[in-house]
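Asker: Data: query_23.txt, compact mmCIF, C-alpha atoms.
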```
# COMPACT_ATOMS: atom_id res chain seq x y z
CA ASN A 261 0.00 0.00 0.00
CA ALA A 262 1.76 3.09 -1.21
CA GLY A 263 1.92 6.00 1.17
CA VAL A 264 0.94 9.58 0.52
CA MET A 265 2.72 10.73 -2.61
CA GLN A 266 3.64 14.33 -3.19
CA ASN A 267 5.26 15.77 -6.26
CA PRO A 268 7.40 17.41 -7.09
CA ARG A 269 9.71 17.04 -4.09
CA HIS A 270 11.44 20.28 -4.94
CA LEU A 271 10.05 23.17 -6.95
CA VAL A 272 11.78 26.40 -7.91
CA ARG A 273 9.73 29.28 -9.22
CA ARG A 274 10.51 32.88 -10.09
CA ARG A 275 8.49 35.61 -8.47
CA GLY A 276 5.17 36.04 -10.24
CA GLN A 277 4.97 32.49 -11.58
CA GLU A 278 2.46 29.87 -10.58
CA ALA A 279 3.25 26.85 -8.41
CA ARG A 280 1.21 23.64 -8.54
CA LEU A 281 1.74 21.07 -5.83
CA ARG A 282 0.21 17.62 -6.13
CA CYS A 283 -0.81 15.13 -3.51
CA SER A 284 -2.06 11.60 -4.06
CA PRO A 285 -3.57 10.25 -0.84
CA MET A 286 -3.15 6.74 0.42
CA LYS A 287 -5.43 4.18 -1.18
CA GLY A 288 -8.82 4.26 0.42
CA HIS A 289 -8.32 7.69 1.98
CA SER A 290 -10.86 10.33 1.03
CA HIS A 291 -9.67 13.18 3.27
CA VAL A 292 -6.73 15.41 2.45
CA TYR A 293 -5.04 18.13 4.50
CA TRP A 294 -2.45 20.65 3.42
CA TYR A 295 0.06 22.17 5.84
CA ARG A 296 2.83 24.69 5.38
CA GLN A 297 6.08 24.72 7.32
CA LEU A 298 8.38 27.69 7.34
CA PRO A 299 12.02 27.13 8.32
CA GLU A 300 12.47 26.48 12.06
CA GLU A 301 8.72 26.52 12.64
CA GLY A 302 5.98 24.00 13.24
CA LEU A 303 3.41 23.04 10.67
CA LYS A 304 0.54 25.43 10.01
CA PHE A 305 -2.80 24.09 8.83
CA MET A 306 -3.98 25.45 5.51
CA VAL A 307 -6.94 23.51 4.17
CA TYR A 308 -8.93 20.32 4.65
CA LEU A 309 -10.69 18.73 1.70
CA GLN A 310 -12.82 15.75 0.91
CA LYS A 311 -13.50 14.56 -2.61
CA GLU A 312 -14.92 17.54 -4.52
CA ASN A 313 -15.47 19.53 -1.33
CA ILE A 314 -13.50 22.05 0.67
CA ILE A 315 -14.39 21.45 4.30
CA ASP A 316 -12.16 23.94 6.09
CA GLU A 317 -9.96 26.55 4.43
CA SER A 318 -9.48 28.70 7.48
CA GLY A 319 -5.70 28.52 7.17
CA MET A 320 -5.50 29.52 3.54
CA PRO A 321 -4.30 33.01 2.66
CA LYS A 322 -7.15 35.02 1.20
CA GLU A 323 -5.46 35.67 -2.10
CA ARG A 324 -3.39 33.69 -4.58
CA PHE A 325 -3.87 30.31 -2.86
CA SER A 326 -6.42 27.70 -3.87
CA ALA A 327 -6.87 23.98 -3.38
CA GLU A 328 -8.95 21.26 -4.95
CA PHE A 329 -9.49 17.55 -4.58
CA PRO A 330 -11.36 16.33 -7.66
CA LYS A 331 -13.35 13.14 -7.95
CA GLU A 332 -10.53 11.64 -9.97
CA GLY A 333 -6.86 12.44 -9.59
CA PRO A 334 -4.68 14.04 -6.96
CA SER A 335 -5.34 17.00 -4.74
CA ILE A 336 -3.76 20.19 -6.06
CA LEU A 337 -2.52 23.17 -4.06
CA ARG A 338 -2.12 26.10 -6.40
CA ILE A 339 -0.24 29.27 -5.63
CA GLN A 340 -0.54 32.06 -8.14
CA GLN A 341 1.95 34.90 -8.57
CA VAL A 342 4.36 33.46 -6.03
CA VAL A 343 6.40 35.74 -3.79
CA ARG A 344 9.55 35.02 -1.79
CA GLY A 345 7.49 34.63 1.39
CA ASP A 346 5.80 31.58 -0.14
CA SER A 347 9.08 29.68 0.09
CA ALA A 348 8.38 26.82 2.50
CA ALA A 349 7.81 23.10 2.76
CA TYR A 350 4.25 22.12 1.93
CA PHE A 351 3.01 18.86 3.38
CA CYS A 352 -0.05 16.89 2.46
CA ALA A 353 -1.69 14.35 4.74
CA SER A 354 -4.55 11.95 4.17
CA SER A 355 -6.87 9.98 6.37
CA THR A 356 -10.00 7.90 6.36
CA TYR A 357 -13.11 9.00 8.13
CA ASP A 358 -14.91 7.03 10.73
CA SER A 359 -16.51 7.71 14.06
CA GLY A 360 -13.44 6.61 15.95
CA LEU A 361 -9.86 7.67 15.83
CA THR A 362 -7.95 8.09 12.64
CA GLU A 363 -4.46 9.32 12.26
CA ALA A 364 -3.27 11.29 9.32
CA PHE A 365 -0.43 9.96 7.18
CA PHE A 366 1.90 12.54 5.72
CA GLY A 367 3.75 12.74 2.47
CA GLN A 368 7.38 13.75 2.17
CA GLY A 369 6.50 17.28 1.25
CA THR A 370 7.21 19.69 -1.58
CA ARG A 371 9.89 22.25 -0.92
CA LEU A 372 9.05 25.41 -2.79
CA THR A 373 11.76 27.95 -3.38
CA VAL A 374 10.84 31.29 -4.89
CA VAL A 375 13.74 33.14 -6.44
CA ASP V 173 -8.26 24.63 21.05
CA ALA V 174 -6.28 23.10 23.87
CA LYS V 175 -2.63 24.08 23.69
CA THR V 176 0.41 22.00 24.53
CA THR V 177 3.73 22.87 26.14
CA GLN V 178 6.87 20.86 25.48
CA PRO V 179 10.53 21.36 26.33
CA THR V 180 12.46 22.81 23.44
CA SER V 181 15.12 20.13 23.40
CA MET V 182 16.25 16.94 25.12
CA ASP V 183 19.16 14.55 24.94
CA CYS V 184 19.17 10.82 25.39
CA ALA V 185 21.85 8.15 25.29
CA GLU V 186 21.50 5.46 22.68
CA GLY V 187 19.87 2.35 24.11
CA ARG V 188 18.27 4.18 27.00
CA ALA V 189 14.64 5.14 27.35
CA ALA V 190 13.65 8.57 26.10
CA ASN V 191 10.84 10.19 28.10
CA LEU V 192 9.29 13.20 26.39
CA PRO V 193 6.85 15.23 28.49
CA CYS V 194 3.91 17.30 27.33
CA ASN V 195 1.58 19.58 29.26
CA HIS V 196 -1.97 20.09 28.03
CA SER V 197 -3.69 21.52 31.09
CA THR V 198 -6.66 22.94 29.17
CA ILE V 199 -7.55 19.72 27.38
CA SER V 200 -11.27 19.00 27.26
CA GLY V 201 -12.97 15.69 27.83
CA ASN V 202 -13.35 14.63 24.22
CA GLU V 203 -9.92 15.69 22.99
CA TYR V 204 -7.24 13.16 22.25
CA VAL V 205 -3.49 13.46 22.63
CA TYR V 206 -1.51 12.67 19.50
CA TRP V 207 2.22 12.33 19.05
CA TYR V 208 4.03 12.78 15.77
CA ARG V 209 7.68 13.12 14.95
CA GLN V 210 9.53 14.74 12.10
CA ILE V 211 12.94 13.56 11.11
CA HIS V 212 14.94 16.25 9.38
CA SER V 213 13.59 17.19 5.95
CA GLN V 214 10.94 14.47 6.01
CA GLY V 215 7.20 14.49 6.46
CA PRO V 216 5.75 14.05 9.96
CA GLN V 217 5.26 10.49 11.08
CA TYR V 218 2.42 9.37 13.30
CA ILE V 219 3.57 7.66 16.50
CA ILE V 220 0.69 7.08 18.86
CA HIS V 221 -2.46 8.61 20.30
CA GLY V 222 -4.64 8.22 23.40
CA LEU V 223 -7.61 9.58 25.31
CA LYS V 224 -7.46 8.40 28.90
CA ASN V 225 -5.75 5.06 29.13
CA ASN V 226 -2.08 4.38 28.61
CA GLU V 227 -1.29 3.12 25.14
CA THR V 228 1.53 1.07 23.66
CA ASN V 229 2.45 0.12 20.14
CA GLU V 230 5.53 -1.07 18.33
CA MET V 231 7.05 2.40 18.32
CA ALA V 232 6.35 3.84 21.75
CA SER V 233 4.25 4.03 24.90
CA LEU V 234 2.00 6.90 25.89
CA ILE V 235 1.35 7.59 29.55
CA ILE V 236 -1.50 10.00 30.29
CA THR V 237 -2.01 11.30 33.81
CA GLU V 238 -5.28 10.62 35.53
CA ASP V 239 -6.35 14.28 35.30
CA ARG V 240 -5.30 14.26 31.61
CA LYS V 241 -3.39 17.49 32.03
CA SER V 242 -0.10 16.00 30.94
CA SER V 243 1.35 13.02 29.15
CA THR V 244 4.69 11.38 28.48
CA LEU V 245 5.86 9.68 25.33
CA ILE V 246 8.31 6.89 26.04
CA LEU V 247 10.70 5.47 23.48
CA PRO V 248 11.91 2.40 25.39
CA HIS V 249 15.26 1.88 23.68
CA ALA V 250 16.22 4.99 21.75
CA THR V 251 18.37 4.62 18.66
CA LEU V 252 20.22 7.21 16.61
CA ARG V 253 17.39 7.05 14.08
CA ASP V 254 15.01 8.36 16.72
CA THR V 255 16.70 11.76 16.54
CA ALA V 256 13.86 14.02 15.45
CA VAL V 257 11.45 16.75 16.51
CA TYR V 258 8.58 15.26 18.51
CA TYR V 259 5.22 16.99 18.47
CA CYS V 260 2.52 16.57 21.09
CA ILE V 261 -0.82 17.64 19.66
CA VAL V 262 -4.31 17.83 21.06
CA ARG V 263 -6.76 17.18 18.34
CA THR V 264 -9.45 19.74 17.72
CA ARG V 265 -13.02 18.73 17.35
CA ASP V 266 -15.79 21.03 16.28
CA ALA V 267 -19.32 20.66 15.05
CA GLY V 268 -18.04 19.59 11.66
CA ASN V 269 -15.74 16.94 13.04
CA ASN V 270 -12.85 18.85 11.64
CA ARG V 271 -9.71 16.88 12.11
CA LYS V 272 -7.10 19.52 11.55
CA LEU V 273 -4.10 19.37 13.84
CA ILE V 274 -2.67 22.39 15.66
CA TRP V 275 1.13 22.09 15.79
CA GLY V 276 3.54 23.72 18.24
CA LEU V 277 7.31 23.77 17.97
CA GLY V 278 7.81 20.35 19.50
CA THR V 279 10.79 18.87 21.34
CA SER V 280 14.01 18.35 19.45
CA LEU V 281 15.33 15.00 20.69
CA ALA V 282 19.00 14.21 20.13
CA VAL V 283 19.99 10.59 20.67
CA ASN V 284 23.71 10.40 21.32
CA PRO V 285 25.98 7.40 20.76
```
If you took the structure in this file and wrote it as structure tokens, what would it be?

Answerer:
Amino acid sequence: NAGVMQNPRHLVRRRGQEARLRCSPMKGHSHVYWYRQLPEEGLKFMVYLQKENIIDESGMPKERFSAEFPKEGPSILRIQQVVRGDSAAYFCASSTYDSGLTEAFFGQGTRLTVV
Amino acid sequence: DAKTTQPTSMDCAEGRAANLPCNHSTISGNEYVYWYRQIHSQGPQYIIHGLKNNETNEMASLIITEDRKSSTLILPHATLRDTAVYYCIVRTRDAGNNRKLIWGLGTSLAVNP
């Protein structure tokens, strides 16, 4: 059972370009979370999605950032017109949903560098 | 959201038990304690979670005090590969059963040969 797959692992973009980060959840998982980690800091929640639905985007910046999790295919975190402050590691996690306890499994992250 | 407090860093000798404390004095009755770790440049890895009772799995043991205001993660025989940042997290629940995790800065554990 493959784990959570994120690609690319490393992404370099010039200021003003768009960045697209992909996350394929574990098989059977229908819940995806995106987190951002700045250097020397803990992870910060961005968005929580289920298939075709955004459940909680309270951690997403109001502008330039968007996320989707279509019926088919990976979840995409899209950052438009990137700025240097967007440079960070972006982690995706997935989980199942049930009435009990579920733990989220994380991917290896995408390290975005804006130059 | 209940907040957690952890020491910034700890050291442990290889082969000895590593005991990582966490305070969560404002935890509410239906909130669970989760532990994750993050080895340098990798994604976080789930370790263990618990509500009231002590828990054990192949990676670690979790001891939760009776009043639930603190807990200790125990790595029984630490190895060099256990060097990582360890995060104690209290999981938020709201009306929508949101499962987002609120992360602090964790404890940086150094296992020394």

Asker: List every protein, DNA or RNA residue with an atom no more than 10 Å from (13.7, 24.8, 25.3) in the file's coordinates, counting all atoms listed in the file, and format the result as a list in words.

Answerer: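 It turns out the residues near that spot are Gln178, Pro179, Thr180, Ser181, Met182, Leu277, Gly278, Thr279 and Ser280 of chain V.
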
Asker: Could you check how far CA of Glu301 (chain A) sits from CA of Tyr259 (chain V), in Å to one decimal?

Answerer: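 These atoms are spaced 11.7 Å apart.
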
Asker: Go through A:Pro268, A:Pro285, A:Gly319, A:Pro334 one by one, measure the shortest atom-to-atom distance of each to chain V using all atoms listed in the file, and give the residue with the smallest value.

Answerer: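 Going through A:Pro268, A:Pro285, A:Gly319, A:Pro334 one by one, the smallest distance to chain V is for A:Gly319.
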
Asker: Pick out the residues sitting within 10 Å of Phe365 (chain A), and hand them over as a list in words; count only C-alpha atoms, and ignore anything fewer than 3 positions along from it in its own chain.

Answerer: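 Result of the neighbour search: Gly263, Val264, Pro285, Met286, His289, Val292, Tyr293, Cys352, Ala353, Ser354, Ser355, Thr356 and Thr362 of chain A; Gly215, Pro216, Gln217 and Tyr218 of chain V.
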
Asker: By how many Å are CA of Arg338 (chain A) and CA of His270 (chain A) apart?

Answerer: 14.8 Å

Asker: Residues of chain A within 7 Å of chain V: nearest atom pair and distance (Å, one decimal) for each, counting only C-alpha atoms, sorted by chain and number, as CSV?

Answerer:
```
residue,atom,partner,partner_atom,distance
A:Glu301,CA,V:Leu277,CA,6.2
A:Gly302,CA,V:Leu277,CA,4.9
A:Leu303,CA,V:Trp275,CA,5.7
A:Lys304,CA,V:Trp275,CA,6.7
A:Phe305,CA,V:Lys272,CA,6.8
A:Phe351,CA,V:Gly215,CA,6.8
A:Glu363,CA,V:Tyr218,CA,7.0
A:Phe365,CA,V:Tyr218,CA,6.8
A:Phe366,CA,V:Gly215,CA,5.7
A:Gly367,CA,V:Gly215,CA,5.6
A:Gln368,CA,V:Gly215,CA,4.4
A:Gly369,CA,V:Gly215,CA,6.0
```

Asker: Between CA of Arg253 (chain V) and CA of Glu300 (chain A), what is the distance, to one decimal in Å?

Answerer: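 CA of Arg253 (chain V) sits 20.1 Å away from CA of Glu300 (chain A).
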
Asker: Using all atoms listed in the file, which of the listed residues (V:Asn225, V:His196, V:Ala282, V:Ser233) sits closest to Pro248 (chain V)?

Answerer: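 Using all atoms listed in the file, the shortest distance to Pro248 (chain V) belongs to V:Ser233.
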
Asker: Ranking A:Met320, A:Ile315, A:Ile339, A:Leu372 by minimum distance to Pro299 (chain A) and counting all atoms listed in the file, which one comes first?

Answerer: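 Closest residue, counting all atoms listed in the file: A:Leu372.
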
Asker: Restricting the calculation to all atoms listed in the file, which member of V:Cys194, V:Ala189, V:Leu247, V:Ile199 is positioned closest to Thr177 (chain V)?

Answerer: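 Closest residue, counting all atoms listed in the file: V:Cys194.
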
Asker: I'd like the contact shell of Leu245 (chain V) - 7 Å cut-off, all atoms listed in the file, skipping same-chain residues fewer than 5 positions apart - returned as number ranges by chain.

Answerer: V: 191-193, 232-235
